[in-house]
file final07.txt (compact mmCIF, C-alpha atoms)
# COMPACT_ATOMS: atom_id res chain seq x y z
CA MET L 375 0.00 0.00 0.00
CA ALA L 376 1.61 3.26 -1.13
CA LEU L 377 1.14 6.34 1.06
CA ARG L 378 1.05 9.59 -0.91
CA ILE L 379 0.88 13.22 0.18
CA GLY L 380 -2.72 14.26 0.65
CA CYS L 381 -4.01 10.76 1.35
CA ALA L 382 -7.44 10.70 2.93
CA ALA L 383 -9.65 8.05 4.52
CA PRO L 384 -13.46 7.91 4.08
CA PRO L 385 -15.34 9.31 7.13
CA GLY L 386 -16.08 6.85 9.91
CA ASN L 387 -14.68 3.79 8.18
CA SER L 388 -13.10 2.61 11.43
CA ARG L 389 -16.31 0.53 11.56
CA ASN L 390 -14.38 -1.99 9.44
CA ASN L 391 -12.34 -2.73 12.53
CA LYS L 392 -14.47 -5.00 14.76
CA THR L 393 -13.01 -4.30 18.18
CA GLY L 394 -15.47 -6.71 19.86
CA SER L 395 -12.80 -9.40 19.56
CA TRP L 396 -10.78 -7.61 22.26
CA ARG L 397 -13.45 -8.32 24.88
CA VAL L 398 -12.81 -10.46 27.95
CA PHE L 399 -15.96 -9.55 29.90
CA LYS L 400 -19.30 -8.99 28.21
CA PRO L 401 -22.01 -6.59 29.48
CA ILE L 402 -25.43 -8.25 29.83
CA PHE L 403 -28.42 -5.90 30.12
CA ASN L 404 -31.38 -6.79 32.34
CA TYR L 405 -34.30 -4.89 30.79
CA GLU L 406 -36.61 -5.69 33.73
CA ILE L 407 -34.56 -3.36 35.93
CA CYS L 408 -33.34 -0.94 33.22
CA THR L 409 -35.12 2.42 33.31
CA ALA L 410 -33.63 3.58 29.98
CA CYS L 411 -31.96 6.57 31.68
CA GLY L 412 -29.25 6.60 28.98
CA ILE L 413 -26.22 6.98 31.27
CA CYS L 414 -24.54 3.91 29.68
CA GLN L 415 -25.08 5.35 26.21
CA SER L 416 -23.63 8.68 27.22
CA LEU L 417 -20.55 7.22 28.97
CA CYS L 418 -19.51 4.52 26.46
CA PRO L 419 -16.08 5.50 25.02
CA ASP L 420 -16.76 3.34 21.96
CA ALA L 421 -20.21 4.77 21.21
CA CYS L 422 -21.47 1.22 20.83
CA ILE L 423 -24.68 1.49 22.89
CA THR L 424 -27.64 2.65 20.82
CA LEU L 425 -31.39 2.93 21.33
CA VAL L 426 -33.09 -0.01 19.56
CA ASN L 427 -36.89 -0.31 20.07
CA GLU L 428 -36.66 2.03 23.10
CA GLN L 429 -34.07 -0.23 24.74
CA TYR L 430 -30.40 0.65 25.13
CA THR L 431 -28.58 -2.15 23.34
CA PRO L 432 -24.82 -2.74 23.12
CA ASP L 433 -23.29 -3.55 19.75
CA TYR L 434 -21.13 -6.57 20.58
CA ALA L 435 -19.23 -6.18 17.30
CA PHE L 436 -17.50 -3.13 18.83
CA CYS L 437 -17.89 -3.42 22.64
CA LYS L 438 -14.41 -3.81 24.16
CA GLY L 439 -15.87 -4.89 27.51
CA CYS L 440 -14.37 -2.04 29.55
CA GLY L 441 -17.21 -2.19 32.07
CA ILE L 442 -17.88 1.55 32.42
CA CYS L 443 -21.59 0.97 31.60
CA ALA L 444 -21.94 -1.68 34.34
CA ASN L 445 -19.97 0.38 36.86
CA ASP L 446 -21.97 3.58 36.33
CA CYS L 447 -25.45 2.10 35.69
CA SER L 448 -27.95 3.93 37.89
CA THR L 449 -30.00 0.78 38.64
CA ASP L 450 -27.29 -1.91 38.41
CA ALA L 451 -29.10 -3.44 35.45
CA ILE L 452 -25.83 -4.36 33.69
CA THR L 453 -23.60 -7.25 34.75
CA MET L 454 -20.24 -8.20 33.30
CA VAL L 455 -19.87 -11.90 32.57
CA LEU L 456 -16.83 -13.77 31.26
CA GLU L 457 -16.88 -14.02 27.49
CA GLU L 458 -17.19 -17.54 26.08
CA LYS L 459 -15.63 -17.99 22.67
CA MET H 254 -29.08 23.54 21.18
CA ALA H 255 -26.82 20.75 19.93
CA ASP H 256 -28.42 17.54 18.65
CA THR H 257 -26.72 14.99 20.91
CA SER H 258 -28.27 11.96 19.21
CA VAL H 259 -25.91 12.32 16.24
CA GLU H 260 -22.72 10.31 16.70
CA LEU H 261 -19.78 11.85 14.83
CA PHE H 262 -17.03 9.78 16.42
CA GLU H 263 -17.51 6.20 15.25
CA PRO H 264 -16.74 2.93 17.04
CA GLY H 265 -13.95 0.68 15.78
CA HIS H 266 -11.17 3.06 16.86
CA ARG H 267 -8.24 1.43 18.64
CA ALA H 268 -8.35 3.15 22.02
CA CYS H 269 -8.03 0.96 25.12
CA GLY H 270 -11.38 -0.23 26.49
CA GLY H 271 -12.37 2.45 29.02
CA CYS H 272 -10.43 5.31 27.38
CA GLY H 273 -11.18 8.76 28.79
CA PRO H 274 -10.00 10.79 25.76
CA ALA H 275 -12.18 8.69 23.36
CA LEU H 276 -15.20 9.60 25.49
CA ALA H 277 -14.13 13.25 25.40
CA ALA H 278 -13.89 13.17 21.57
CA ARG H 279 -17.49 11.93 21.26
CA HIS H 280 -18.87 14.76 23.36
CA ILE H 281 -16.67 17.48 21.85
CA LEU H 282 -18.13 16.66 18.42
CA LYS H 283 -21.68 16.57 19.83
CA GLY H 284 -21.14 20.12 21.05
CA SER H 285 -19.57 21.47 17.87
CA GLY H 286 -21.96 19.69 15.48
CA PRO H 287 -21.50 18.28 11.97
CA ASP H 288 -20.24 21.58 10.45
CA THR H 289 -16.85 21.17 12.07
CA ILE H 290 -13.29 20.83 10.83
CA VAL H 291 -11.10 19.07 13.37
CA VAL H 292 -7.40 19.86 13.55
CA ALA H 293 -5.40 17.33 15.54
CA SER H 294 -1.90 17.32 16.87
CA THR H 295 0.17 14.18 17.25
CA GLY H 296 -0.95 12.27 20.30
CA CYS H 297 -2.82 9.28 21.56
CA MET H 298 -6.11 10.39 20.01
CA GLU H 299 -4.52 10.92 16.60
CA VAL H 300 -2.92 7.48 16.71
CA PHE H 301 -5.91 5.45 17.89
CA SER H 302 -8.56 7.19 15.79
CA THR H 303 -6.80 7.37 12.43
CA PRO H 304 -4.49 4.47 11.59
CA TYR H 305 -4.39 4.75 7.77
CA PRO H 306 -6.62 3.83 5.88
CA GLU H 307 -9.21 4.05 8.67
CA SER H 308 -10.78 7.05 10.36
CA ALA H 309 -13.19 7.18 13.29
CA TRP H 310 -14.13 10.78 12.47
CA LYS H 311 -17.24 11.63 10.48
CA VAL H 312 -16.12 15.23 10.03
CA PRO H 313 -13.15 16.61 8.06
CA TRP H 314 -10.02 15.95 10.08
CA ILE H 315 -6.44 17.08 9.49
CA HIS H 316 -3.18 16.30 11.19
CA SER H 317 0.15 17.91 10.41
CA LEU H 318 2.74 17.85 13.19
CA PHE H 319 2.97 17.66 16.97
CA GLU H 320 3.44 21.38 17.57
CA ASN H 321 1.47 23.21 14.90
CA ALA H 322 -2.24 22.32 15.30
CA ALA H 323 -3.06 25.92 16.29
CA ALA H 324 -1.10 27.30 13.33
CA VAL H 325 -2.82 24.92 10.88
CA ALA H 326 -6.20 25.90 12.36
CA SER H 327 -5.31 29.60 11.97
CA GLY H 328 -4.58 29.02 8.27
CA ILE H 329 -7.84 27.13 7.73
CA GLU H 330 -9.81 29.85 9.53
CA VAL H 331 -8.36 32.63 7.37
CA ALA H 332 -8.89 30.65 4.15
CA LEU H 333 -12.54 29.90 5.02
CA LYS H 334 -13.17 33.50 6.02
CA LYS H 335 -11.90 34.65 2.63
CA GLN H 336 -14.38 32.27 0.96
CA GLY H 337 -17.21 33.43 3.22
CA ARG H 338 -17.66 30.02 4.84
CA LYS H 339 -18.68 29.49 8.45
CA GLU H 340 -17.55 26.02 9.54
CA HIS H 341 -16.44 25.65 13.15
CA ILE H 342 -12.72 24.96 13.48
CA VAL H 343 -11.89 22.86 16.52
CA CYS H 344 -8.38 21.81 17.53
CA ILE H 345 -8.38 18.63 19.60
CA CYS H 346 -4.95 18.12 21.12
CA GLY H 347 -3.43 16.34 24.06
CA ASP H 348 -1.77 17.94 27.05
CA GLY H 349 1.74 17.29 25.69
CA ALA H 350 0.97 19.20 22.49
CA THR H 351 -0.79 21.95 24.43
CA PHE H 352 1.34 22.46 27.53
CA ASP H 353 4.80 21.77 26.12
CA ILE H 354 5.36 21.29 22.42
CA GLY H 355 2.70 23.49 20.82
CA THR H 356 2.69 26.43 23.25
CA MET H 357 4.37 28.77 20.78
CA CYS H 358 1.80 28.17 18.00
CA ILE H 359 -1.12 28.37 20.44
CA SER H 360 0.17 31.63 21.86
CA GLY H 361 0.41 33.02 18.32
CA ALA H 362 -3.11 31.93 17.37
CA PHE H 363 -4.61 33.40 20.55
CA GLU H 364 -2.64 36.62 20.14
CA ARG H 365 -3.99 37.04 16.59
CA GLY H 366 -7.46 36.12 17.84
CA HIS H 367 -8.46 33.64 15.13
CA ASN H 368 -12.01 32.36 15.32
CA ILE H 369 -11.06 28.85 16.52
CA THR H 370 -11.84 26.66 19.51
CA TYR H 371 -8.87 24.89 21.02
CA VAL H 372 -9.78 21.82 23.08
CA CYS H 373 -7.11 20.10 25.15
CA TYR H 374 -7.88 16.60 26.43
CA ASP H 375 -5.76 16.46 29.53
CA ASN H 376 -4.60 12.97 30.54
CA GLU H 377 -1.65 14.40 32.43
CA ALA H 378 1.31 12.78 30.57
CA TYR H 379 2.53 11.62 27.15
CA MET H 380 0.49 8.41 27.15
CA ASN H 381 0.98 7.49 23.49
CA THR H 382 4.75 7.11 23.73
CA GLY H 383 4.82 5.37 27.09
CA ILE H 384 3.79 7.69 29.97
CA GLN H 385 6.48 10.38 30.01
CA ARG H 386 5.80 13.44 32.17
CA SER H 387 4.44 16.61 30.57
CA GLY H 388 3.73 20.12 31.82
CA ALA H 389 0.30 18.87 32.86
CA THR H 390 1.54 16.04 35.10
CA PRO H 391 0.51 16.76 38.69
CA TYR H 392 2.92 17.01 41.61
CA ASP H 393 4.32 13.67 42.86
CA ALA H 394 2.92 11.51 40.03
CA SER H 395 5.25 8.71 39.03
CA THR H 396 5.89 8.47 35.27
CA THR H 397 8.63 6.79 33.25
CA THR H 398 10.63 10.04 33.14
CA SER H 399 9.82 11.04 36.73
CA PRO H 400 9.96 7.65 38.45
CA ALA H 401 9.36 7.42 42.18
CA GLY H 402 12.04 5.64 44.17
CA SER H 403 14.41 6.03 47.10
CA ALA H 404 15.67 9.41 45.84
CA SER H 405 12.43 10.82 44.39
CA HIS H 406 8.71 11.20 45.14
CA GLY H 407 7.88 11.34 41.42
CA ASN H 408 7.18 14.47 39.40
CA ARG H 409 8.77 17.48 41.16
CA THR H 410 6.91 20.23 39.34
CA GLN H 411 3.40 21.62 39.62
CA LYS H 412 0.75 21.28 36.94
CA LYS H 413 0.99 24.31 34.65
CA ASP H 414 -2.06 26.61 34.79
CA MET H 415 -2.71 26.66 31.03
CA PRO H 416 -6.27 28.14 31.21
CA ALA H 417 -4.88 31.16 33.08
CA ILE H 418 -2.06 31.57 30.52
CA LEU H 419 -4.56 31.62 27.64
CA ALA H 420 -6.99 33.85 29.53
CA ALA H 421 -4.07 36.28 29.89
CA HIS H 422 -3.85 36.35 26.08
CA GLY H 423 -7.27 38.01 26.15
CA ALA H 424 -9.27 34.91 25.14
CA PRO H 425 -13.01 35.70 25.28
CA TYR H 426 -13.90 32.28 26.67
CA VAL H 427 -11.81 29.80 28.66
CA ALA H 428 -13.34 26.77 30.37
CA THR H 429 -12.42 23.52 32.06
CA ALA H 430 -14.56 20.38 31.93
CA SER H 431 -14.36 16.72 32.87
CA ILE H 432 -15.47 13.51 31.20
CA ALA H 433 -17.36 12.73 34.41
CA TYR H 434 -19.94 15.31 33.25
CA PRO H 435 -20.43 14.75 29.49
CA ASN H 436 -23.41 17.10 29.12
CA ASP H 437 -21.27 19.87 30.57
CA ILE H 438 -18.64 19.22 27.84
CA VAL H 439 -21.33 19.45 25.13
CA LYS H 440 -22.64 22.76 26.54
CA LYS H 441 -19.21 24.33 26.92
CA VAL H 442 -17.99 23.32 23.44
CA GLU H 443 -21.24 24.56 21.89
CA ARG H 444 -20.83 27.88 23.68
CA ALA H 445 -17.16 28.18 22.69
CA VAL H 446 -17.66 27.51 18.96
CA ASN H 447 -20.36 30.20 18.83
CA ILE H 448 -18.19 32.89 20.45
CA PRO H 449 -16.06 34.82 17.92
CA GLY H 450 -12.35 34.69 18.72
CA ALA H 451 -9.96 32.06 20.03
CA CYS H 452 -11.54 30.05 22.85
CA TYR H 453 -9.94 27.38 25.02
CA ILE H 454 -11.43 24.35 26.77
CA GLN H 455 -9.44 21.90 28.86
CA ILE H 456 -11.05 18.52 29.51
CA HIS H 457 -9.84 16.24 32.29
CA ALA H 458 -9.69 12.76 30.71
CA PRO H 459 -8.26 10.00 32.94
CA CYS H 460 -6.10 7.40 31.18
CA TYR H 461 -6.42 4.14 33.08
CA THR H 462 -3.34 2.61 31.39
CA GLY H 463 -1.08 5.50 32.33
CA TRP H 464 -2.52 6.28 35.75
CA GLY H 465 -2.91 2.64 36.81
CA PHE H 466 -6.49 1.86 37.80
CA GLU H 467 -9.30 -0.38 36.53
CA GLY H 468 -10.73 0.70 33.16
CA ALA H 469 -14.29 0.42 34.46
CA ARG H 470 -13.53 3.10 37.09
CA THR H 471 -12.55 5.85 34.60
CA ILE H 472 -15.64 7.95 35.35
CA ASP H 473 -15.31 7.39 39.13
CA VAL H 474 -11.69 8.60 39.09
CA ALA H 475 -12.65 11.68 37.05
CA LYS H 476 -15.41 12.42 39.59
CA LEU H 477 -13.02 11.94 42.53
CA ALA H 478 -10.62 14.52 41.02
CA ILE H 479 -13.45 17.07 41.17
CA GLN H 480 -14.73 15.97 44.58
CA THR H 481 -11.25 16.29 46.12
CA GLY H 482 -10.65 19.74 44.60
CA LEU H 483 -7.64 18.64 42.52
CA TRP H 484 -9.61 19.48 39.37
CA VAL H 485 -11.97 22.46 39.16
CA ASN H 486 -14.65 22.84 36.51
CA TYR H 487 -15.17 26.50 35.70
CA GLU H 488 -16.04 28.95 32.94
CA MET H 489 -14.07 32.16 32.43
CA VAL H 490 -15.57 34.90 30.25
CA ASP H 491 -13.25 37.79 29.28
CA GLY H 492 -10.86 36.81 32.05
CA ASP H 493 -13.41 36.65 34.89
CA VAL H 494 -14.52 33.38 36.43
CA GLU H 495 -18.24 33.19 35.82
CA LYS H 496 -19.37 29.76 36.92
CA VAL H 497 -17.70 27.15 39.15
CA LYS H 498 -18.77 23.61 40.01
CA LYS H 499 -19.16 23.53 43.78
CA VAL H 500 -18.53 20.34 45.74
CA LYS H 501 -18.54 18.97 49.25
CA ARG H 502 -14.82 18.22 49.35
CA LYS H 503 -13.30 14.84 50.20
CA PRO H 504 -9.69 14.35 51.39
CA VAL H 505 -7.22 13.88 48.49
CA ASP H 506 -6.26 10.40 49.80
CA GLU H 507 -9.32 8.87 48.14
CA TYR H 508 -8.22 10.08 44.70
CA LEU H 509 -4.53 9.26 45.17
CA ALA H 510 -4.94 5.78 46.68
CA GLU H 511 -6.90 4.63 43.65
CA GLN H 512 -4.00 5.15 41.23
CA LYS H 513 -0.77 3.28 40.73
CA ARG H 514 1.09 6.49 39.79
CA PHE H 515 0.65 7.67 43.43
CA ARG H 516 1.20 4.24 45.02
CA HIS H 517 4.61 5.26 46.42
CA LEU H 518 2.81 7.72 48.72
CA PHE H 519 1.08 4.84 50.52
CA LYS H 520 3.52 1.91 50.23
CA PRO H 521 5.65 0.64 51.91
CA LYS H 522 4.43 3.22 54.42
CA ARG H 523 2.19 6.23 54.21
CA ASN H 524 4.06 9.44 53.35
CA ASP H 525 2.05 12.03 55.31
CA GLU H 526 4.40 14.88 54.43
CA GLU H 527 3.92 14.53 50.66
CA ILE H 528 0.17 13.84 50.91
CA ALA H 529 -0.15 17.05 52.96
CA LYS H 530 1.54 18.97 50.10
CA ILE H 531 -1.02 17.60 47.61
CA GLN H 532 -3.85 18.43 50.05
CA ALA H 533 -2.45 21.98 50.13
CA ILE H 534 -2.81 22.17 46.32
CA ALA H 535 -6.48 21.15 46.64
CA ASP H 536 -7.00 23.68 49.46
CA ARG H 537 -5.45 26.40 47.30
CA ASN H 538 -7.79 25.51 44.41
CA ALA H 539 -10.74 25.66 46.80
CA ALA H 540 -9.67 29.08 48.09
CA ASN H 541 -9.00 30.48 44.60
CA PHE H 542 -12.25 29.32 43.02
CA GLY H 543 -14.54 29.09 46.08
CA ILE H 544 -15.63 25.53 45.30
CA ASP H 545 -16.65 24.60 48.83
CA ILE H 546 -20.38 24.35 49.47

call {"tool": "encode", "arguments": {"input": "final07.txt", "output": "structure tokens"}}
result
Amino acid sequence: MALRIGCAAPPGNSRNNKTGSWRVFKPIFNYEICTACGICQSLCPDACITLVNEQYTPDYAFCKGCGICANDCSTDAITMVLEEK
Amino acid sequence: MADTSVELFEPGHRACGGCGPALAARHILKGSGPDTIVVASTGCMEVFSTPYPESAWKVPWIHSLFENAAAVASGIEVALKKQGRKEHIVCICGDGATFDIGTMCISGAFERGHNITYVCYDNEAYMNTGIQRSGATPYDASTTTSPAGSASHGNRTQKKDMPAILAAHGAPYVATASIAYPNDIVKKVERAVNIPGACYIQIHAPCYTGWGFEGARTIDVAKLAIQTGLWVNYEMVDGDVEKVKKVKRKPVDEYLAEQKRFRHLFKPKRNDEEIAKIQAIADRNAANFGIDI
């Protein structure tokens, strides 16, 4: 791959890089306790939690399993479990 | 009011899981909106977000060198002005590029008063190259170039007061923020990009790899910095402090004990003399900004 002056990458194409494979612990959401406050969505460094059918849902293709969502969840609705591969 | 549902910083970037600066980048872009041109300096954020041929940014993004982000932004601002365009120009640089290497270019840009917003994500050392101390490293923090040991307590110098330096340049708006309060970042960036002239925002962004704590506790550590008074969130308009986040202060021990870079203050035995010096820094912040409730 030749690098030339003025090379540019298409916007947001880091999505090709599926960082979910880095994960050791996986966040599991319990929607019976979840109040959809949106704190997890706002604090995710990988922007991988989105609102799907009015439920905050992690995108496991990108979730690195850092655990910020589980640690800061206002109702403790998220638990981190060991990833099984 | 910024539309915070739009995500302009995409997943798939290569930051560590639990990265503070990555979280800061998301909220900076939410505040500045899609009509933004980002100018980056060399640093952790540049490296993890744009390994060629990938980019996590959904806005135009340019990187030149370590030291000249402010100069590049100045050039873009003048060129756009000539064409009658009104995009927001936001520099997003680390503390090494801001406090040490790029100070000359920043000083020039603020002196000329270009219509740019300079955002520094402050993770208090050169994390990308392996945790070397910078001008933003706090007193007594152990880094690879200020290691703690029998002859040293870690970093000997104080954290440089960069917001005050840029306020002294006559900047119309200078603010500090923390990733612990993301909505506050969005509000401050939105305010800064809409004020004509060179504005500065410094965002406290803990780096769990460099500071030595659990990645899941990134937000907790950022909150503790504010609760102990070692970081103060404030807004400065035309050189006067307008708004300060007030807290019921905790002793600095809680913040220090959490991090490996301050471990030498507690092990093998507690170093009361040095901890008292750090408490004095927090007390001075409290007195200067009146953060106590």

call {"tool": "closest_atom_pairs", "arguments": {"input": "final07.txt", "of": "chain L", "to": "chain H", "cutoff": "8 Å", "atoms": "only C-alpha atoms", "output": "JSON lines"}}
result
{"residue": "L:Ala382", "atom": "CA", "partner": "H:Pro306", "partner_atom": "CA", "distance": 7.5}
{"residue": "L:Ala383", "atom": "CA", "partner": "H:Pro306", "partner_atom": "CA", "distance": 5.4}
{"residue": "L:Pro384", "atom": "CA", "partner": "H:Ser308", "partner_atom": "CA", "distance": 6.9}
{"residue": "L:Pro385", "atom": "CA", "partner": "H:Lys311", "partner_atom": "CA", "distance": 4.5}
{"residue": "L:Gly386", "atom": "CA", "partner": "H:Ala309", "partner_atom": "CA", "distance": 4.5}
{"residue": "L:Asn387", "atom": "CA", "partner": "H:Glu307", "partner_atom": "CA", "distance": 5.5}
{"residue": "L:Ser388", "atom": "CA", "partner": "H:Gly265", "partner_atom": "CA", "distance": 4.8}
{"residue": "L:Arg389", "atom": "CA", "partner": "H:Gly265", "partner_atom": "CA", "distance": 4.8}
{"residue": "L:Asn390", "atom": "CA", "partner": "H:Gly265", "partner_atom": "CA", "distance": 6.9}
{"residue": "L:Asn391", "atom": "CA", "partner": "H:Gly265", "partner_atom": "CA", "distance": 5.0}
{"residue": "L:Lys392", "atom": "CA", "partner": "H:Gly265", "partner_atom": "CA", "distance": 5.8}
{"residue": "L:Thr393", "atom": "CA", "partner": "H:Gly265", "partner_atom": "CA", "distance": 5.6}
{"residue": "L:Ser416", "atom": "CA", "partner": "H:Pro435", "partner_atom": "CA", "distance": 7.2}
{"residue": "L:Leu417", "atom": "CA", "partner": "H:Leu276", "partner_atom": "CA", "distance": 6.8}
{"residue": "L:Cys418", "atom": "CA", "partner": "H:Leu276", "partner_atom": "CA", "distance": 6.7}
{"residue": "L:Pro419", "atom": "CA", "partner": "H:Leu276", "partner_atom": "CA", "distance": 4.2}
{"residue": "L:Asp420", "atom": "CA", "partner": "H:Pro264", "partner_atom": "CA", "distance": 4.9}
{"residue": "L:Ala421", "atom": "CA", "partner": "H:Pro264", "partner_atom": "CA", "distance": 5.7}
{"residue": "L:Cys422", "atom": "CA", "partner": "H:Pro264", "partner_atom": "CA", "distance": 6.3}
{"residue": "L:Phe436", "atom": "CA", "partner": "H:Gly265", "partner_atom": "CA", "distance": 6.0}
{"residue": "L:Lys438", "atom": "CA", "partner": "H:Gly270", "partner_atom": "CA", "distance": 5.2}
{"residue": "L:Gly439", "atom": "CA", "partner": "H:Gly270", "partner_atom": "CA", "distance": 6.6}
{"residue": "L:Cys440", "atom": "CA", "partner": "H:Gly270", "partner_atom": "CA", "distance": 4.6}
{"residue": "L:Gly441", "atom": "CA", "partner": "H:Ala469", "partner_atom": "CA", "distance": 4.6}
{"residue": "L:Ile442", "atom": "CA", "partner": "H:Ala469", "partner_atom": "CA", "distance": 4.3}
{"residue": "L:Cys443", "atom": "CA", "partner": "H:Ala469", "partner_atom": "CA", "distance": 7.9}
{"residue": "L:Ala444", "atom": "CA", "partner": "H:Ala469", "partner_atom": "CA", "distance": 7.9}
{"residue": "L:Asn445", "atom": "CA", "partner": "H:Ala469", "partner_atom": "CA", "distance": 6.2}
{"residue": "L:Asp446", "atom": "CA", "partner": "H:Ile472", "partner_atom": "CA", "distance": 7.8}

call {"tool": "atom_distance", "arguments": {"input": "final07.txt", "atom1": "CA of Gly284 in chain H", "atom2": "CA of Lys498 in chain H"}}
result
19.4 Å

call {"tool": "residues_around", "arguments": {"input": "final07.txt", "residues": "His406 in chain H", "least_positions_apart": "6", "cutoff": "10 Å", "atoms": "all atoms listed in the file", "output": "compact mmCIF listing (two decimals) with C-alpha atoms, keeping the file's coordinate frame"}}
result
# COMPACT_ATOMS: atom_id res chain seq x y z
CA TYR H 392 2.92 17.01 41.61
CA ASP H 393 4.32 13.67 42.86
CA ALA H 394 2.92 11.51 40.03
CA SER H 395 5.25 8.71 39.03
CA SER H 399 9.82 11.04 36.73
CA PRO H 400 9.96 7.65 38.45
CA PHE H 515 0.65 7.67 43.43
CA HIS H 517 4.61 5.26 46.42
CA LEU H 518 2.81 7.72 48.72
CA ASN H 524 4.06 9.44 53.35
CA GLU H 527 3.92 14.53 50.66

call {"tool": "closest_residue", "arguments": {"input": "final07.txt", "among": "L:Asp433, L:Glu428, L:Asn404, L:Gln415", "to": "Asp450 in chain L", "atoms": "only C-alpha atoms"}}
result
L:Asn404

call {"tool": "atom_distance", "arguments": {"input": "final07.txt", "atom1": "CA of Thr396 in chain H", "atom2": "CA of Ile531 in chain H"}}
result
16.8 Å

call {"tool": "residues_around", "arguments": {"input": "final07.txt", "residues": "Asn427 in chain L", "least_positions_apart": "4", "cutoff": "12 Å", "atoms": "only C-alpha atoms", "output": "PyMOL selection string"}}
result
chain L and resi 405+410+431

call {"tool": "residues_near_point", "arguments": {"input": "final07.txt", "point": "(-14.3, 34.4, 22.6)", "cutoff": "7 Å", "atoms": "only C-alpha atoms", "output": "PyMOL selection string"}}
result
chain H and resi 424-426+445+448-452

call {"tool": "residues_around", "arguments": {"input": "final07.txt", "residues": "Val427 in chain H", "least_positions_apart": "5", "cutoff": "8 Å", "atoms": "all atoms listed in the file", "output": "PyMOL selection string"}}
result
chain H and resi 416+419-420+452-454+488-490+492

call {"tool": "residues_around", "arguments": {"input": "final07.txt", "residues": "Glu458 in chain L", "least_positions_apart": "5", "cutoff": "10 Å", "atoms": "all atoms listed in the file", "output": "PyMOL selection string"}}
result
chain L and resi 398-400

call {"tool": "write_last_selection", "arguments": {"input": "final07.txt", "atoms": "C-alpha atoms", "output": "short mmCIF file (atom, residue, chain, number, x, y, z; two decimals), in the coordinates of the input"}}
result
data_model
loop_
_atom_site.label_atom_id
_atom_site.label_comp_id
_atom_site.auth_asym_id
_atom_site.auth_seq_id
_atom_site.Cartn_x
_atom_site.Cartn_y
_atom_site.Cartn_z
CA VAL L 398 -12.81 -10.46 27.95
CA PHE L 399 -15.96 -9.55 29.90
CA LYS L 400 -19.30 -8.99 28.21
#

call {"tool": "residues_near_point", "arguments": {"input": "final07.txt", "point": "(-30.8, 5.4, 31.4)", "cutoff": "10 Å", "atoms": "only C-alpha atoms", "output": "JSON, numbers by chain"}}
result
{"L": [408, 409, 410, 411, 412, 413, 414, 415, 416, 429, 430, 447, 448, 449, 451]}

call {"tool": "write_last_selection", "arguments": {"input": "final07.txt", "atoms": "C-alpha atoms", "output": "compact mmCIF listing (two decimals), in the coordinates of the input"}}
result
# COMPACT_ATOMS: atom_id res chain seq x y z
CA CYS L 408 -33.34 -0.94 33.22
CA THR L 409 -35.12 2.42 33.31
CA ALA L 410 -33.63 3.58 29.98
CA CYS L 411 -31.96 6.57 31.68
CA GLY L 412 -29.25 6.60 28.98
CA ILE L 413 -26.22 6.98 31.27
CA CYS L 414 -24.54 3.91 29.68
CA GLN L 415 -25.08 5.35 26.21
CA SER L 416 -23.63 8.68 27.22
CA GLN L 429 -34.07 -0.23 24.74
CA TYR L 430 -30.40 0.65 25.13
CA CYS L 447 -25.45 2.10 35.69
CA SER L 448 -27.95 3.93 37.89
CA THR L 449 -30.00 0.78 38.64
CA ALA L 451 -29.10 -3.44 35.45

call {"tool": "residues_around", "arguments": {"input": "final07.txt", "residues": "Asn538 in chain H", "least_positions_apart": "6", "cutoff": "8 Å", "atoms": "only C-alpha atoms", "output": "ChimeraX atom specification"}}
result
/H:482-483,485,544

call {"tool": "atom_distance", "arguments": {"input": "final07.txt", "atom1": "CA of Asn381 in chain H", "atom2": "CA of Cys297 in chain H"}}
result
4.6 Å

call {"tool": "closest_residue", "arguments": {"input": "final07.txt", "among": "H:Asp353, H:Lys441, H:Lys339, H:Pro521", "to": "Tyr371 in chain H", "atoms": "all atoms listed in the file"}}
result
H:Lys441

call {"tool": "closest_residue", "arguments": {"input": "final07.txt", "among": "L:Ile423, L:Ile407, L:Ala435, L:Cys381", "to": "Gly394 in chain L", "atoms": "all atoms listed in the file"}}
result
L:Ala435

call {"tool": "closest_residue", "arguments": {"input": "final07.txt", "among": "H:Thr289, H:Gln512, H:Thr429, H:Gln480", "to": "Ile369 in chain H", "atoms": "all atoms listed in the file"}}
result
H:Thr289

call {"tool": "axis_aligned_box", "arguments": {"input": "final07.txt", "around": "range 399-418 of chain H", "padding_each_side": "6 Å", "output": "lines of an AutoDock Vina configuration file"}}
result
center_x = 4.7
center_y = 18.6
center_z = 38.8
size_x = 33.9
size_y = 37.9
size_z = 28.6

call {"tool": "decode", "arguments": {"input": "final07.txt", "residues": "range 373-386 of chain H", "atoms": "C-alpha atoms", "output": "PDB file, in the first residue's frame"}}
result
ATOM      1  CA  CYS H 373      -7.112  20.095  25.148  1.00  0.00           C
ATOM      2  CA  TYR H 374      -7.884  16.601  26.433  1.00  0.00           C
ATOM      3  CA  ASP H 375      -5.764  16.460  29.529  1.00  0.00           C
ATOM      4  CA  ASN H 376      -4.604  12.971  30.535  1.00  0.00           C
ATOM      5  CA  GLU H 377      -1.651  14.402  32.434  1.00  0.00           C
ATOM      6  CA  ALA H 378       1.309  12.784  30.571  1.00  0.00           C
ATOM      7  CA  TYR H 379       2.531  11.625  27.148  1.00  0.00           C
ATOM      8  CA  MET H 380       0.493   8.405  27.147  1.00  0.00           C
ATOM      9  CA  ASN H 381       0.977   7.489  23.494  1.00  0.00           C
ATOM     10  CA  THR H 382       4.755   7.113  23.726  1.00  0.00           C
ATOM     11  CA  GLY H 383       4.815   5.370  27.092  1.00  0.00           C
ATOM     12  CA  ILE H 384       3.792   7.685  29.965  1.00  0.00           C
ATOM     13  CA  GLN H 385       6.477  10.378  30.014  1.00  0.00           C
ATOM     14  CA  ARG H 386       5.796  13.440  32.173  1.00  0.00           C
TER      15      ARG H 386
END
